[in-house]
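Source file: query.txt (compact mmCIF, C-alpha atoms)
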```txt
# COMPACT_ATOMS: atom_id res chain seq x y z
CA MET A 290 39.82 142.71 141.68
CA ALA A 291 38.27 141.59 138.40
CA SER A 292 34.92 143.09 137.47
CA VAL A 293 32.33 143.30 134.72
CA GLY A 294 30.47 146.47 133.82
CA THR A 295 28.35 148.01 131.12
CA TYR A 296 29.70 150.82 128.94
CA LEU A 297 27.20 153.05 127.14
CA ASN A 298 27.79 155.50 124.27
CA PHE A 299 25.52 158.51 123.91
CA ASP A 300 25.00 161.02 121.12
CA GLY A 301 25.79 164.08 123.26
CA ASN A 302 23.42 163.58 126.19
CA THR A 303 25.48 161.43 128.58
CA LYS A 304 25.35 164.01 131.37
CA GLU A 305 21.56 164.26 131.17
CA ALA A 306 21.18 160.46 131.14
CA PHE A 307 23.55 159.94 134.07
CA GLU A 308 21.96 162.67 136.18
CA PHE A 309 18.70 160.74 135.66
CA TYR A 310 20.32 157.37 136.53
CA ARG A 311 21.99 158.91 139.61
CA ALA A 312 18.58 160.02 140.90
CA VAL A 313 16.94 156.66 140.15
CA PHE A 314 19.69 154.54 141.76
CA LYS A 315 20.33 157.05 144.59
CA SER A 316 24.05 156.71 143.96
CA GLU A 317 27.01 159.02 143.33
CA PHE A 318 29.53 159.21 140.49
CA VAL A 319 32.78 157.39 141.26
CA ASN A 320 35.17 160.17 140.13
CA GLY A 321 32.82 162.90 139.02
CA ILE A 322 32.20 163.54 135.33
CA GLN A 323 35.28 163.95 133.12
CA THR A 324 34.85 165.95 129.91
CA PHE A 325 36.80 165.99 126.66
CA GLY A 326 37.97 169.46 127.71
CA ASP A 327 39.77 167.83 130.68
CA LEU A 328 42.14 165.99 128.30
CA PRO A 329 45.66 167.40 128.12
CA GLU A 330 46.50 168.98 124.78
CA ASP A 331 48.59 166.76 122.53
CA PRO A 332 50.63 168.49 119.80
CA SER A 333 50.48 165.32 117.69
CA ASN A 334 46.67 165.60 117.50
CA PRO A 335 44.60 168.37 115.90
CA PRO A 336 43.02 170.89 118.30
CA MET A 337 39.77 169.74 119.87
CA PRO A 338 36.70 171.54 118.53
CA GLU A 339 35.13 173.84 121.15
CA ASN A 340 31.71 172.18 120.83
CA ILE A 341 33.18 168.86 122.02
CA LYS A 342 35.04 170.14 125.09
CA HIS A 343 31.89 170.17 127.26
CA MET A 344 30.90 166.61 126.23
CA VAL A 345 31.39 163.69 128.63
CA LEU A 346 34.62 161.73 128.17
CA HIS A 347 33.94 159.30 131.02
CA VAL A 348 31.55 158.78 133.91
CA GLU A 349 31.00 155.86 136.31
CA LEU A 350 27.96 155.20 138.49
CA PRO A 351 27.40 152.23 140.82
CA ILE A 352 23.90 150.86 140.29
CA LEU A 353 22.98 147.47 141.85
CA GLY A 354 25.00 144.61 143.33
CA GLY A 355 28.36 146.26 142.71
CA HIS A 356 27.63 146.74 139.00
CA ILE A 357 29.20 149.89 137.56
CA LEU A 358 27.48 151.69 134.71
CA ARG A 359 30.00 153.66 132.62
CA ALA A 360 29.51 155.97 129.65
CA THR A 361 30.86 158.52 127.20
CA ASP A 362 29.55 160.88 124.57
CA ALA A 363 30.46 159.71 121.06
CA PRO A 364 31.00 162.88 118.98
CA LYS A 365 30.72 162.57 115.20
CA GLU A 366 33.57 165.09 114.92
CA MET A 367 35.88 162.43 116.38
CA GLY A 368 34.73 159.71 113.99
CA PHE A 369 32.05 158.10 116.14
CA ASN A 370 28.72 157.00 114.75
CA CYS A 371 26.47 156.37 117.73
CA ALA A 372 23.39 154.32 116.86
CA ALA A 373 21.19 151.69 118.45
CA GLY A 374 23.21 148.49 118.38
CA ASN A 375 26.66 150.06 118.78
CA ASN A 376 25.85 152.17 121.82
CA MET A 377 26.58 149.50 124.44
CA HIS A 378 29.61 147.36 125.35
CA ILE A 379 30.25 144.73 127.97
CA GLN A 380 33.38 145.92 129.75
CA LEU A 381 35.67 143.36 131.36
CA GLU A 382 38.32 144.41 133.86
CA PRO A 383 40.52 141.36 134.43
CA ASP A 384 43.11 140.94 137.20
CA SER A 385 46.16 140.94 134.91
CA LYS A 386 47.48 142.22 131.60
CA GLU A 387 47.97 138.60 130.51
CA GLU A 388 44.32 137.79 131.21
CA ALA A 389 43.31 140.96 129.33
CA ASP A 390 45.24 139.72 126.28
CA ARG A 391 43.78 136.21 126.57
CA LEU A 392 40.20 137.45 126.78
CA PHE A 393 40.72 139.90 123.92
CA ASN A 394 42.40 137.34 121.65
CA GLU A 395 39.88 134.57 122.28
CA LEU A 396 36.66 136.62 122.29
CA SER A 397 37.63 138.55 119.14
CA ILE A 398 38.23 135.44 116.98
CA ASP A 399 36.29 135.95 113.72
CA GLY A 400 35.06 139.30 115.03
CA VAL A 401 35.88 142.92 114.14
CA VAL A 402 38.62 144.62 116.15
CA GLU A 403 37.83 148.30 116.74
CA MET A 404 40.97 149.05 118.79
CA PRO A 405 43.73 146.52 119.48
CA MET A 406 44.99 146.14 123.04
CA GLN A 407 47.32 149.03 123.85
CA ASP A 408 48.40 151.39 126.61
CA MET A 409 46.07 154.39 126.63
CA PHE A 410 46.38 158.02 127.73
CA PHE A 411 43.87 157.40 130.52
CA GLY A 412 46.20 155.00 132.31
CA ALA A 413 44.88 151.63 131.20
CA TYR A 414 45.74 148.78 128.85
CA PHE A 415 42.64 148.79 126.65
CA GLY A 416 41.08 147.29 123.53
CA SER A 417 37.62 146.94 121.98
CA PHE A 418 35.95 144.73 119.40
CA GLN A 419 32.70 143.22 118.20
CA ASP A 420 32.62 139.45 118.49
CA LYS A 421 31.46 137.10 115.74
CA PHE A 422 27.93 137.26 117.16
CA GLY A 423 27.71 141.06 116.96
CA ILE A 424 28.26 141.71 120.70
CA ASN A 425 30.47 144.71 121.59
CA TRP A 426 33.22 144.20 124.16
CA MET A 427 35.82 146.39 125.90
CA ILE A 428 38.77 144.92 127.75
CA ASN A 429 40.25 147.35 130.27
CA PHE A 430 43.17 146.57 132.58
CA PRO A 431 43.88 149.62 134.77
CA ASN A 432 47.63 150.18 135.07
CA LYS A 433 48.27 150.33 138.78
```
Represent the supplied structure as structure tokens.
Amino acid sequence: MASVGTYLNFDGNTKEAFEFYRAVFKSEFVNGIQTFGDLPEDPSNPPMPENIKHMVLHVELPILGGHILRATDAPKEMGFNCAAGNNMHIQLEPDSKEEADRLFNELSIDGVVEMPMQDMFFGAYFGSFQDKFGINWMINFPNK
């Protein structure tokens, strides 16, 4: 089923923020809190620095009306620069890979592509960009 959510980037304090949101919304994490240390080692990538392994890779929390708040830590060591303005994305989860491509291609016209649509290690077809109006978007089609 298609859905829309909000994806937040934090500068190392995602767990603290989401523990707070969990208490406020009286809700529970969808699949717990995944950390960068949970990622399988990949010999084609450099080893992950120890100080990043405890950081949040992904967390999901239902808030109101079926809306899912999602987030990650954005470590500088991995090339992220988390700042006000780039710390939030609208995340679209369409019903098909074709619709994911259509949304990505049309919304990103005259924008800045951060990551083209591609199959990702976390089991989804994913891409991200900033549209021509400066709004950040993520398109995520979970591979079933």
Minimum-distance residue to A:Ile322, chosen among A:Thr361, A:Asn432, A:Thr295, A:Asn340 (using only C-alpha atoms):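 Checking each candidate against A:Ile322, we get A:Thr361 as the closest.
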Report as a count of residues only all protein, DNA and RNA residues lying within 8 Å of A:Pro364, evaluated on all atoms listed in the file, omitting residues in the same chain fewer than 6 positions from it. 4
Proximity to A:Thr303 - best of A:Met427, A:Met337, A:Val401, A:Val348, all atoms listed in the file: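 Checking each of A:Met427, A:Met337, A:Val401, A:Val348 against A:Thr303, counting all atoms listed in the file, the winner is A:Val348.
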Pick the closest to A:Gly321 from A:Ala372, A:Leu346, A:Ile352, A:Val402: which is it, counting all atoms listed in the file?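 Looking at the shortest contact to A:Gly321, the residue is A:Leu346.
Considering the residues A:Leu358, A:Met406, A:Met367, A:Ile398 and counting all atoms listed in the file, A:Phe307 has its shortest atom-to-atom contact with A:Leu358.
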Would you please work out which residue, of A:His378, A:Met409, A:Glu330, A:Asp384, is nearest to A:Asn425 when using only C-alpha atoms?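 Selected residue with least distance to A:Asn425: A:His378.
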Give me the residues within 10 Å of stretch 387-392 of chain A as a short mmCIF file (atom, residue, chain, number, x, y, z; two decimals) with C-alpha atoms, in the coordinates of the input, counting all atoms listed in the file and dropping any in the same chain fewer than 3 places off.
```
data_model
loop_
_atom_site.label_atom_id
_atom_site.label_comp_id
_atom_site.auth_asym_id
_atom_site.auth_seq_id
_atom_site.Cartn_x
_atom_site.Cartn_y
_atom_site.Cartn_z
CA LEU A 381 35.67 143.36 131.36
CA GLU A 382 38.32 144.41 133.86
CA PRO A 383 40.52 141.36 134.43
CA ASP A 384 43.11 140.94 137.20
CA GLU A 395 39.88 134.57 122.28
CA LEU A 396 36.66 136.62 122.29
CA SER A 397 37.63 138.55 119.14
CA PRO A 405 43.73 146.52 119.48
CA MET A 406 44.99 146.14 123.04
CA GLN A 407 47.32 149.03 123.85
CA TYR A 414 45.74 148.78 128.85
CA PHE A 415 42.64 148.79 126.65
CA GLY A 416 41.08 147.29 123.53
CA MET A 427 35.82 146.39 125.90
CA ILE A 428 38.77 144.92 127.75
CA ASN A 429 40.25 147.35 130.27
CA PHE A 430 43.17 146.57 132.58
#
```
I want to know what sits within 9 Å of A:Asn302, based on all atoms listed in the file, with residues of the same chain fewer than 6 positions away left out; could you give that as a PDB file with C-alpha atoms, in the coordinates of the input?
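Writing done, so here's around-v2.pdb:
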```
ATOM      1  CA  MET A 344      30.900 166.610 126.230  1.00  0.00           C
ATOM      2  CA  VAL A 345      31.390 163.690 128.630  1.00  0.00           C
ATOM      3  CA  ASP A 362      29.550 160.880 124.570  1.00  0.00           C
TER       4      ASP A 362
END
```
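Polymer residues near (25.6, 151.6, 117.8): counting all atoms listed in the file with a cut-off of 12 Å, they are A:Tyr296, A:Leu297, A:Asn298, A:Phe299, A:Asp300, A:Ala363, A:Phe369, A:Asn370, A:Cys371, A:Ala372, A:Ala373, A:Gly374, A:Asn375, A:Asn376, A:Met377, A:His378, A:Gln419, A:Gly423, A:Ile424, A:Asn425.
With distances taken over all atoms listed in the file, A:Ile357 is the one residue among A:Ala306, A:Ala413, A:Ile357, A:Met404 lying closest to A:Val319.
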